[in-house]
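Structure first, commentary second.
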Amino acid sequence: MSQVTTPEGRSKLSNTLFAKPLIGRLSWKKQLTLSGLPAEVQSILTEVMSRCWLTRGEKACVIEELIAHFVDGMDRDVTAQQLVEDFGEPAVAAKLIQSSKRQNRPFWKKSLHTFGYGIIALILAYAGIWVFYHQGAPVISTDYVVQLNAGIKDVADSEKAWPIYRPMWTKYKFSVGEVIPEIWFREGEGEQSYLSTRFVRKGEPGWEAAKAAIYEHQDLIDAFREGAKRPYLGIELKANQSEYSEEDFAALFPNLTRGDSQDAGVEEGSDGGAGRLLDDWLVGILLPHVQQMRNAARLFAFDIQLAIEEGDSDRVVQDIETMLGFARHAAEGRVLVCGLVGYAISGMAFSEIESVVKEDPNFFNERQLQRLQLAVRSAKLKDWISYDGEALIVSDLIQRIYTNDGQGDGRITPQGFEVMSALTGMGMPGIFGGELSEKENWESFAESVIGPLGLFTVATRGEVAAKADQFFEAASTDLNRPMWDGKSKDIYKELNLEKWKYAVLGLVLPATENIRKALDRLIARQEGVLGAIALQRFYLANGAWPNSWDEIPKSTLPRSPVDQLTGEPLIFKIVDQRPLIYSLGYDLDDDGGVTPEGVKPATYLPNVQNDGKSDGDWIVWPTNDDEDE
């Protein structure tokens, strides 16, 4: 047995140890060392204390009590061995002591400890979530660009217009800008002069120069006329400049070299992560030709003025057919921008028909009117707009933002947040490369810290895909619904209620209401143009106007033009020996062809919806619209 201090010594030691206040107490280990208790006693007490999850102060109190217990026993001449045996199992004793001490803690201390443990648990949980979040990475498994171009490769070259357009595109650097600036009216004088947004008109300074410039580009005009007859444009849409053939690249990017294109691609994707995910993504699909189709159409809109001056009505018809061919070609790409540019060009062509007929109703003969009617009817406006391309864009974006568990689901990733940041124009690090500013460093840190919370706030891959399918199904149904068949479904309402959850979709989903307005407005105008041509053909054949659509032969007018607000035939009347064709308007009563006060006929539809004006008719011929739509 280890040597033990005398009772007098132990009493003096106890007084020294136990008389001190709590803050001044020695640690339990120091107290145990100074206690003078036998080694076997100190050993069991050390084991007990090591098993107790208590505060330092609580352990100091416990060791005092335990030392006192053993000191008291030894004062009664009980051997250390017996005291140890009577004490029991250290594990059991530690558990009982710990439980007792915790129960006796004051409420504030219990609350404080609970809060502390809660914070620790949250930190540990977040650390696990952070690791889990940063382990996820998107996998590009589907090339949606190939799907977007499905069918184009199968078209024979003999049916494509691009092989005809391309040499002229290259020769005149058509993608750079205005090819024949002389056709535009110049405002101001000297250094203060600039090109306005309207053509030079007959009798104005510059008219003769504009005519000469057009004739100097006759090869361009002839090639465009020939190409517009082809049923297809035939350009595959690309997401990367370097993917174009040598001939296409030279035509579409005349101011770039292959080296420029490759350097740009390396710079954008060289840093991996989100930069790699931005390579060839469908959101960034290139459309270098689409807006140029509109510029090409403007050349023919001006050439119509020259043809009218020369009395060449066949050339005017040919120019309008060419413009509508451009519209068809622009709308060929399966993305909304293409269809909307096709709409704009069609609106320009309809305006030219209206302008010529208003100026001189007898300018066109029966054969020419028949050609114009066929050209206008061949503009399949409803076929030019679909959401197929946008659906592919969303699917491609999803695979670049989420992981893929192989079952159609997955979670948001750090690279995905960077891709979303790129869409909002924030320029998060890892996308554009280069040194980061202090603000960008902070944003990177914030994204890294807060990003894992997206696992709980942002919809999963499966949820986003399902919601996108619902959206496009509803949008397509609404797009194919006749305008008179009730109101559009509010397909944004549910998304707006959960806009944070479906933030991914909020970045790329199209404004379907505006697209529907564009479609309704242009279809209404097309119906008016077809009706006006049919009326003019009847007048030329009979020397008088019909009293109703039914009097016009089916060979001239297969069906009556449809009022887009009622589904019934449009109304027409003859005013000053000119036809006026109109819809009943939103009030659905006949106001005699009078449009709401302060509203232009050409802008009736959006103005009525936005301004609440409805007392009046919607005039679809003439629209008095001399500007591009």
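Just so we're on the same page: first chain in the structure tokens is A, next is B, and so on; residues restart at 1 for each chain, and ligands are numbered from 1 in the order they show up.
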If DSSP is run on the backbone, what residues of range 449-541 of chain A are alpha helix (DSSP H)? A reply as a ChimeraX atom specification would be ideal. /A:449-450,454-457,461-479,493-497,503-506,512-541
Using only C-alpha atoms, find each residue of range 299-389 of chain A with at least one atom at most 12 Å away from an atom of range 599-606 of chain A; report its shortest atom-to-atom pair and that distance in Å (one decimal), sort the rows by chain and rising residue number, and return the result as JSON lines.
{"residue": "A:Gly347", "atom": "CA", "partner": "A:Ala602", "partner_atom": "CA", "distance": 10.5}
{"residue": "A:Phe350", "atom": "CA", "partner": "A:Ala602", "partner_atom": "CA", "distance": 11.7}
{"residue": "A:Ser351", "atom": "CA", "partner": "A:Ala602", "partner_atom": "CA", "distance": 10.3}
Find the residues near Val562 in chain A: any atom within 8 Å, counting only C-alpha atoms, skip ones fewer than 5 places away on the same chain, and give them as a PDB file with all heavy atoms, in the first residue's frame.
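Generated file (part_36.pdb):
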ATOM      1  N   ALA A 524     -53.114  38.906 -87.446  1.00  0.00           N
ATOM      2  CA  ALA A 524     -54.223  39.806 -87.779  1.00  0.00           C
ATOM      3  C   ALA A 524     -53.876  40.654 -88.996  1.00  0.00           C
ATOM      4  O   ALA A 524     -54.705  40.871 -89.894  1.00  0.00           O
ATOM      5  CB  ALA A 524     -54.551  40.697 -86.579  1.00  0.00           C
ATOM      6  N   GLU A 527     -54.021  38.560 -92.161  1.00  0.00           N
ATOM      7  CA  GLU A 527     -55.403  38.374 -92.598  1.00  0.00           C
ATOM      8  C   GLU A 527     -55.910  39.618 -93.320  1.00  0.00           C
ATOM      9  O   GLU A 527     -56.620  39.530 -94.332  1.00  0.00           O
ATOM     10  CB  GLU A 527     -56.296  38.069 -91.387  1.00  0.00           C
ATOM     11  CG  GLU A 527     -56.024  36.735 -90.722  1.00  0.00           C
ATOM     12  CD  GLU A 527     -56.462  35.568 -91.596  1.00  0.00           C
ATOM     13  OE1 GLU A 527     -57.655  35.472 -91.921  1.00  0.00           O
ATOM     14  OE2 GLU A 527     -55.586  34.753 -91.961  1.00  0.00           O
ATOM     15  N   GLY A 567     -63.171  35.176 -84.034  1.00  0.00           N
ATOM     16  CA  GLY A 567     -63.199  33.937 -84.811  1.00  0.00           C
ATOM     17  C   GLY A 567     -64.135  34.013 -85.993  1.00  0.00           C
ATOM     18  O   GLY A 567     -64.217  33.073 -86.792  1.00  0.00           O
ATOM     19  N   GLU A 568     -64.840  35.120 -86.135  1.00  0.00           N
ATOM     20  CA  GLU A 568     -65.743  35.349 -87.256  1.00  0.00           C
ATOM     21  C   GLU A 568     -65.012  36.131 -88.354  1.00  0.00           C
ATOM     22  O   GLU A 568     -63.927  36.647 -88.131  1.00  0.00           O
ATOM     23  CB  GLU A 568     -66.975  36.130 -86.782  1.00  0.00           C
ATOM     24  CG  GLU A 568     -67.772  35.429 -85.687  1.00  0.00           C
ATOM     25  CD  GLU A 568     -68.365  34.113 -86.158  1.00  0.00           C
ATOM     26  OE1 GLU A 568     -68.760  34.042 -87.354  1.00  0.00           O
ATOM     27  OE2 GLU A 568     -68.420  33.157 -85.359  1.00  0.00           O
ATOM     28  N   PRO A 569     -65.608  36.257 -89.553  1.00  0.00           N
ATOM     29  CA  PRO A 569     -64.944  37.019 -90.608  1.00  0.00           C
ATOM     30  C   PRO A 569     -64.728  38.480 -90.210  1.00  0.00           C
ATOM     31  O   PRO A 569     -65.533  39.080 -89.491  1.00  0.00           O
ATOM     32  CB  PRO A 569     -65.922  36.909 -91.786  1.00  0.00           C
ATOM     33  CG  PRO A 569     -66.683  35.662 -91.532  1.00  0.00           C
ATOM     34  CD  PRO A 569     -66.829  35.575 -90.044  1.00  0.00           C
ATOM     35  N   LEU A 570     -63.608  39.035 -90.663  1.00  0.00           N
ATOM     36  CA  LEU A 570     -63.374  40.459 -90.498  1.00  0.00           C
ATOM     37  C   LEU A 570     -64.453  41.250 -91.241  1.00  0.00           C
ATOM     38  O   LEU A 570     -65.099  40.731 -92.152  1.00  0.00           O
ATOM     39  CB  LEU A 570     -62.000  40.834 -91.052  1.00  0.00           C
ATOM     40  CG  LEU A 570     -60.769  40.395 -90.240  1.00  0.00           C
ATOM     41  CD1 LEU A 570     -59.505  40.512 -91.108  1.00  0.00           C
ATOM     42  CD2 LEU A 570     -60.621  41.219 -88.970  1.00  0.00           C
TER      43      LEU A 570
END
I'd like to know which of A:Asp405, A:Glu182, A:Glu463, A:Glu332 is closest to Trp162 in chain A, using only C-alpha atoms. A:Glu332
Please identify all polymer residues within 9 Å of Leu519 in chain A, counting only C-alpha atoms, omitting same-chain residues fewer than 2 positions from it, and present them as an mmCIF file with N, CA and C atoms, in the first residue's frame.
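Saved to part32.cif:
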data_model
loop_
_atom_site.group_PDB
_atom_site.id
_atom_site.type_symbol
_atom_site.label_atom_id
_atom_site.label_comp_id
_atom_site.auth_asym_id
_atom_site.auth_seq_id
_atom_site.Cartn_x
_atom_site.Cartn_y
_atom_site.Cartn_z
ATOM 1 N N LEU A 340 -38.751 35.553 -84.317
ATOM 2 C CA LEU A 340 -39.162 36.948 -84.144
ATOM 3 C C LEU A 340 -38.560 37.851 -85.214
ATOM 4 N N TYR A 343 -40.662 37.375 -88.123
ATOM 5 C CA TYR A 343 -41.875 38.186 -87.972
ATOM 6 C C TYR A 343 -41.617 39.627 -88.391
ATOM 7 N N LEU A 381 -46.751 31.776 -90.313
ATOM 8 C CA LEU A 381 -46.322 32.483 -89.100
ATOM 9 C C LEU A 381 -46.372 31.599 -87.859
ATOM 10 N N LYS A 382 -47.406 30.801 -87.729
ATOM 11 C CA LYS A 382 -47.519 29.962 -86.535
ATOM 12 C C LYS A 382 -46.447 28.879 -86.491
ATOM 13 N N ILE A 385 -42.809 30.096 -84.941
ATOM 14 C CA ILE A 385 -42.592 30.264 -83.501
ATOM 15 C C ILE A 385 -42.899 28.957 -82.796
ATOM 16 N N LEU A 479 -49.791 29.044 -77.240
ATOM 17 C CA LEU A 479 -49.338 29.578 -78.523
ATOM 18 C C LEU A 479 -50.217 29.089 -79.667
ATOM 19 N N ASN A 514 -45.480 38.397 -74.332
ATOM 20 C CA ASN A 514 -45.053 39.302 -75.399
ATOM 21 C C ASN A 514 -44.965 38.580 -76.745
ATOM 22 N N ILE A 515 -44.519 37.330 -76.698
ATOM 23 C CA ILE A 515 -44.427 36.551 -77.934
ATOM 24 C C ILE A 515 -45.817 36.300 -78.498
ATOM 25 N N ARG A 516 -46.742 36.003 -77.615
ATOM 26 C CA ARG A 516 -48.123 35.780 -78.058
ATOM 27 C C ARG A 516 -48.702 37.052 -78.679
ATOM 28 N N LYS A 517 -48.398 38.209 -78.106
ATOM 29 C CA LYS A 517 -48.866 39.475 -78.672
ATOM 30 C C LYS A 517 -48.306 39.679 -80.081
ATOM 31 N N ARG A 521 -50.739 39.897 -83.332
ATOM 32 C CA ARG A 521 -50.739 41.131 -84.110
ATOM 33 C C ARG A 521 -50.384 40.875 -85.576
ATOM 34 N N LEU A 522 -49.362 40.048 -85.816
ATOM 35 C CA LEU A 522 -48.931 39.825 -87.192
ATOM 36 C C LEU A 522 -49.917 38.948 -87.957
ATOM 37 N N ILE A 523 -50.522 37.961 -87.266
ATOM 38 C CA ILE A 523 -51.533 37.132 -87.938
ATOM 39 C C ILE A 523 -52.721 37.998 -88.343
ATOM 40 N N ALA A 524 -53.114 38.906 -87.446
ATOM 41 C CA ALA A 524 -54.223 39.806 -87.779
ATOM 42 C C ALA A 524 -53.876 40.654 -88.996
#
Pick out the residues sitting within 8 Å of range 233-250 of chain A, and hand them over as number ranges by chain; count only C-alpha atoms, and ignore anything fewer than 4 positions along from it in its own chain. A: 145, 148-149, 152-153, 155, 157, 160-162, 166, 170, 254, 258, 261-262, 265, 279-282, 284-287, 329-330, 332-333
Selection to disk with N, CA and C atoms, as a PDB file, in the first residue's frame:
ATOM      1  N   VAL A 145     -26.632  21.032 -79.005  1.00  0.00           N
ATOM      2  CA  VAL A 145     -26.440  21.771 -80.249  1.00  0.00           C
ATOM      3  C   VAL A 145     -26.749  20.859 -81.432  1.00  0.00           C
ATOM      4  N   LEU A 148     -30.413  20.644 -81.716  1.00  0.00           N
ATOM      5  CA  LEU A 148     -30.973  21.886 -82.246  1.00  0.00           C
ATOM      6  C   LEU A 148     -30.898  21.926 -83.770  1.00  0.00           C
ATOM      7  N   ASN A 149     -29.833  21.352 -84.315  1.00  0.00           N
ATOM      8  CA  ASN A 149     -29.625  21.379 -85.764  1.00  0.00           C
ATOM      9  C   ASN A 149     -30.181  20.148 -86.473  1.00  0.00           C
ATOM     10  N   ILE A 152     -31.213  19.831 -90.416  1.00  0.00           N
ATOM     11  CA  ILE A 152     -30.553  20.761 -91.335  1.00  0.00           C
ATOM     12  C   ILE A 152     -29.528  20.026 -92.205  1.00  0.00           C
ATOM     13  N   LYS A 153     -28.787  19.112 -91.602  1.00  0.00           N
ATOM     14  CA  LYS A 153     -27.757  18.390 -92.357  1.00  0.00           C
ATOM     15  C   LYS A 153     -28.352  17.540 -93.470  1.00  0.00           C
ATOM     16  N   VAL A 155     -30.769  18.329 -95.419  1.00  0.00           N
ATOM     17  CA  VAL A 155     -31.297  19.111 -96.543  1.00  0.00           C
ATOM     18  C   VAL A 155     -30.264  19.150 -97.666  1.00  0.00           C
ATOM     19  N   ASP A 157     -28.111  20.474-100.802  1.00  0.00           N
ATOM     20  CA  ASP A 157     -27.577  21.804-101.118  1.00  0.00           C
ATOM     21  C   ASP A 157     -28.436  22.533-102.143  1.00  0.00           C
ATOM     22  N   LYS A 160     -30.880  24.709-100.437  1.00  0.00           N
ATOM     23  CA  LYS A 160     -30.373  25.680 -99.470  1.00  0.00           C
ATOM     24  C   LYS A 160     -30.061  27.010-100.146  1.00  0.00           C
ATOM     25  N   ALA A 161     -30.381  28.082 -99.462  1.00  0.00           N
ATOM     26  CA  ALA A 161     -30.073  29.420 -99.973  1.00  0.00           C
ATOM     27  C   ALA A 161     -28.659  29.855 -99.595  1.00  0.00           C
ATOM     28  N   TRP A 162     -28.130  29.323 -98.497  1.00  0.00           N
ATOM     29  CA  TRP A 162     -26.844  29.804 -98.002  1.00  0.00           C
ATOM     30  C   TRP A 162     -25.717  29.678 -99.017  1.00  0.00           C
ATOM     31  N   ARG A 166     -23.786  33.092 -99.504  1.00  0.00           N
ATOM     32  CA  ARG A 166     -22.458  33.146 -98.884  1.00  0.00           C
ATOM     33  C   ARG A 166     -21.409  33.909 -99.706  1.00  0.00           C
ATOM     34  N   THR A 170     -19.533  37.216 -98.211  1.00  0.00           N
ATOM     35  CA  THR A 170     -18.080  37.348 -98.083  1.00  0.00           C
ATOM     36  C   THR A 170     -17.557  38.554 -98.860  1.00  0.00           C
ATOM     37  N   PRO A 254     -15.981  38.277 -90.987  1.00  0.00           N
ATOM     38  CA  PRO A 254     -14.951  38.769 -91.915  1.00  0.00           C
ATOM     39  C   PRO A 254     -13.826  39.533 -91.236  1.00  0.00           C
ATOM     40  N   ARG A 258      -9.014  32.784 -87.744  1.00  0.00           N
ATOM     41  CA  ARG A 258      -9.160  31.554 -86.966  1.00  0.00           C
ATOM     42  C   ARG A 258      -8.403  31.649 -85.646  1.00  0.00           C
ATOM     43  N   SER A 261     -10.430  33.490 -83.077  1.00  0.00           N
ATOM     44  CA  SER A 261     -11.507  32.654 -82.564  1.00  0.00           C
ATOM     45  C   SER A 261     -10.996  31.634 -81.567  1.00  0.00           C
ATOM     46  N   GLN A 262      -9.857  31.002 -81.880  1.00  0.00           N
ATOM     47  CA  GLN A 262      -9.306  29.991 -80.983  1.00  0.00           C
ATOM     48  C   GLN A 262      -8.806  30.604 -79.684  1.00  0.00           C
ATOM     49  N   GLY A 265     -11.665  31.260 -77.433  1.00  0.00           N
ATOM     50  CA  GLY A 265     -12.161  30.041 -76.821  1.00  0.00           C
ATOM     51  C   GLY A 265     -11.274  29.573 -75.692  1.00  0.00           C
ATOM     52  N   ASP A 279     -18.286  26.494 -72.417  1.00  0.00           N
ATOM     53  CA  ASP A 279     -17.893  26.120 -73.771  1.00  0.00           C
ATOM     54  C   ASP A 279     -19.054  25.404 -74.454  1.00  0.00           C
ATOM     55  N   ASP A 280     -19.441  25.911 -75.613  1.00  0.00           N
ATOM     56  CA  ASP A 280     -20.458  25.257 -76.440  1.00  0.00           C
ATOM     57  C   ASP A 280     -21.816  25.134 -75.752  1.00  0.00           C
ATOM     58  N   TRP A 281     -22.108  26.023 -74.806  1.00  0.00           N
ATOM     59  CA  TRP A 281     -23.422  25.927 -74.163  1.00  0.00           C
ATOM     60  C   TRP A 281     -24.463  26.558 -75.078  1.00  0.00           C
ATOM     61  N   LEU A 282     -25.676  26.039 -74.999  1.00  0.00           N
ATOM     62  CA  LEU A 282     -26.716  26.416 -75.938  1.00  0.00           C
ATOM     63  C   LEU A 282     -27.223  27.830 -75.685  1.00  0.00           C
ATOM     64  N   GLY A 284     -25.470  30.326 -75.266  1.00  0.00           N
ATOM     65  CA  GLY A 284     -24.606  31.217 -76.040  1.00  0.00           C
ATOM     66  C   GLY A 284     -24.570  30.888 -77.518  1.00  0.00           C
ATOM     67  N   ILE A 285     -25.640  30.276 -78.023  1.00  0.00           N
ATOM     68  CA  ILE A 285     -25.649  29.895 -79.432  1.00  0.00           C
ATOM     69  C   ILE A 285     -25.460  31.141 -80.297  1.00  0.00           C
ATOM     70  N   LEU A 286     -24.651  31.003 -81.323  1.00  0.00           N
ATOM     71  CA  LEU A 286     -24.337  32.146 -82.194  1.00  0.00           C
ATOM     72  C   LEU A 286     -25.385  32.279 -83.300  1.00  0.00           C
ATOM     73  N   LEU A 287     -25.801  33.526 -83.545  1.00  0.00           N
ATOM     74  CA  LEU A 287     -26.765  33.803 -84.610  1.00  0.00           C
ATOM     75  C   LEU A 287     -26.243  34.962 -85.459  1.00  0.00           C
ATOM     76  N   HIS A 329     -36.307  32.281 -94.122  1.00  0.00           N
ATOM     77  CA  HIS A 329     -34.952  31.817 -93.826  1.00  0.00           C
ATOM     78  C   HIS A 329     -34.501  32.244 -92.427  1.00  0.00           C
ATOM     79  N   ALA A 330     -34.827  33.479 -92.038  1.00  0.00           N
ATOM     80  CA  ALA A 330     -34.441  33.946 -90.705  1.00  0.00           C
ATOM     81  C   ALA A 330     -35.115  33.110 -89.624  1.00  0.00           C
ATOM     82  N   GLU A 332     -35.802  30.049 -89.668  1.00  0.00           N
ATOM     83  CA  GLU A 332     -35.486  28.618 -89.770  1.00  0.00           C
ATOM     84  C   GLU A 332     -34.869  28.066 -88.487  1.00  0.00           C
ATOM     85  N   GLY A 333     -34.040  28.842 -87.807  1.00  0.00           N
ATOM     86  CA  GLY A 333     -33.432  28.353 -86.568  1.00  0.00           C
ATOM     87  C   GLY A 333     -34.487  28.094 -85.514  1.00  0.00           C
TER      88      GLY A 333
END
Contacts of Gly598 in chain A at 12 Å (only C-alpha atoms; same-chain gap of 4+ positions) as a PDB file with C-alpha atoms, in the first residue's frame:
ATOM      1  CA  VAL A 594     -63.066  53.708 -85.870  1.00  0.00           C
ATOM      2  CA  ALA A 602     -50.893  49.325 -86.185  1.00  0.00           C
ATOM      3  CA  THR A 603     -50.318  49.352 -82.418  1.00  0.00           C
ATOM      4  CA  TYR A 604     -53.905  48.704 -81.324  1.00  0.00           C
ATOM      5  CA  ASN A 607     -51.880  49.670 -76.499  1.00  0.00           C
ATOM      6  CA  VAL A 608     -55.347  48.432 -75.631  1.00  0.00           C
ATOM      7  CA  ASP A 611     -53.697  51.313 -71.455  1.00  0.00           C
ATOM      8  CA  LYS A 613     -58.602  51.450 -74.061  1.00  0.00           C
ATOM      9  CA  SER A 614     -61.206  49.254 -75.709  1.00  0.00           C
ATOM     10  CA  ASP A 615     -63.988  51.423 -77.140  1.00  0.00           C
ATOM     11  CA  GLY A 616     -63.278  51.116 -80.848  1.00  0.00           C
TER      12      GLY A 616
END
When you look at Ala327 in chain A with a cut-off of 8 Å (counting only C-alpha atoms), what residues show up, excluding the ones that are within fewer than 3 positions of it in the same chain? I need them as JSON, numbers by chain. {"A": [293, 294, 323, 324, 330, 331, 341, 342, 343, 344, 345, 346]}
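Inside range 79-261 of chain A, the residues DSSP reads as strand (DSSP E or B) when given the backbone are A:Lys160, A:Trp184, A:Phe185, A:Arg186, A:Glu187, A:Tyr194, A:Leu195, A:Ser196, A:Thr197, A:Arg198, A:Phe199, A:Tyr232, A:Lys238.
Across the model, the gap from CA of Pro288 in chain A to CA of Glu178 in chain A is 14.3 Å.
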Ranking A:Asp154, A:Glu418, A:Asp360, A:Asp589 by minimum distance to Leu278 in chain A and counting only C-alpha atoms, which one comes first?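 Of A:Asp154, A:Glu418, A:Asp360, A:Asp589, the one nearest Leu278 in chain A is A:Glu418, counting only C-alpha atoms.
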Can you tell me how far CA of Arg371 in chain A sits from CA of Lys573 in chain A, in Å to one decimal? 24.4 Å
Between A:Thr46, A:Ser27, A:Gln407, A:Gln218, which one has atoms that come closest to Ala60 in chain A, using only C-alpha atoms?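 With only C-alpha atoms as the atom set, the closest residue is A:Ser27.
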d(CA of Phe363 in chain A, CA of Val575 in chain A) in Å: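 About the pair CA of Phe363 in chain A and CA of Val575 in chain A: they are 19.2 Å apart.
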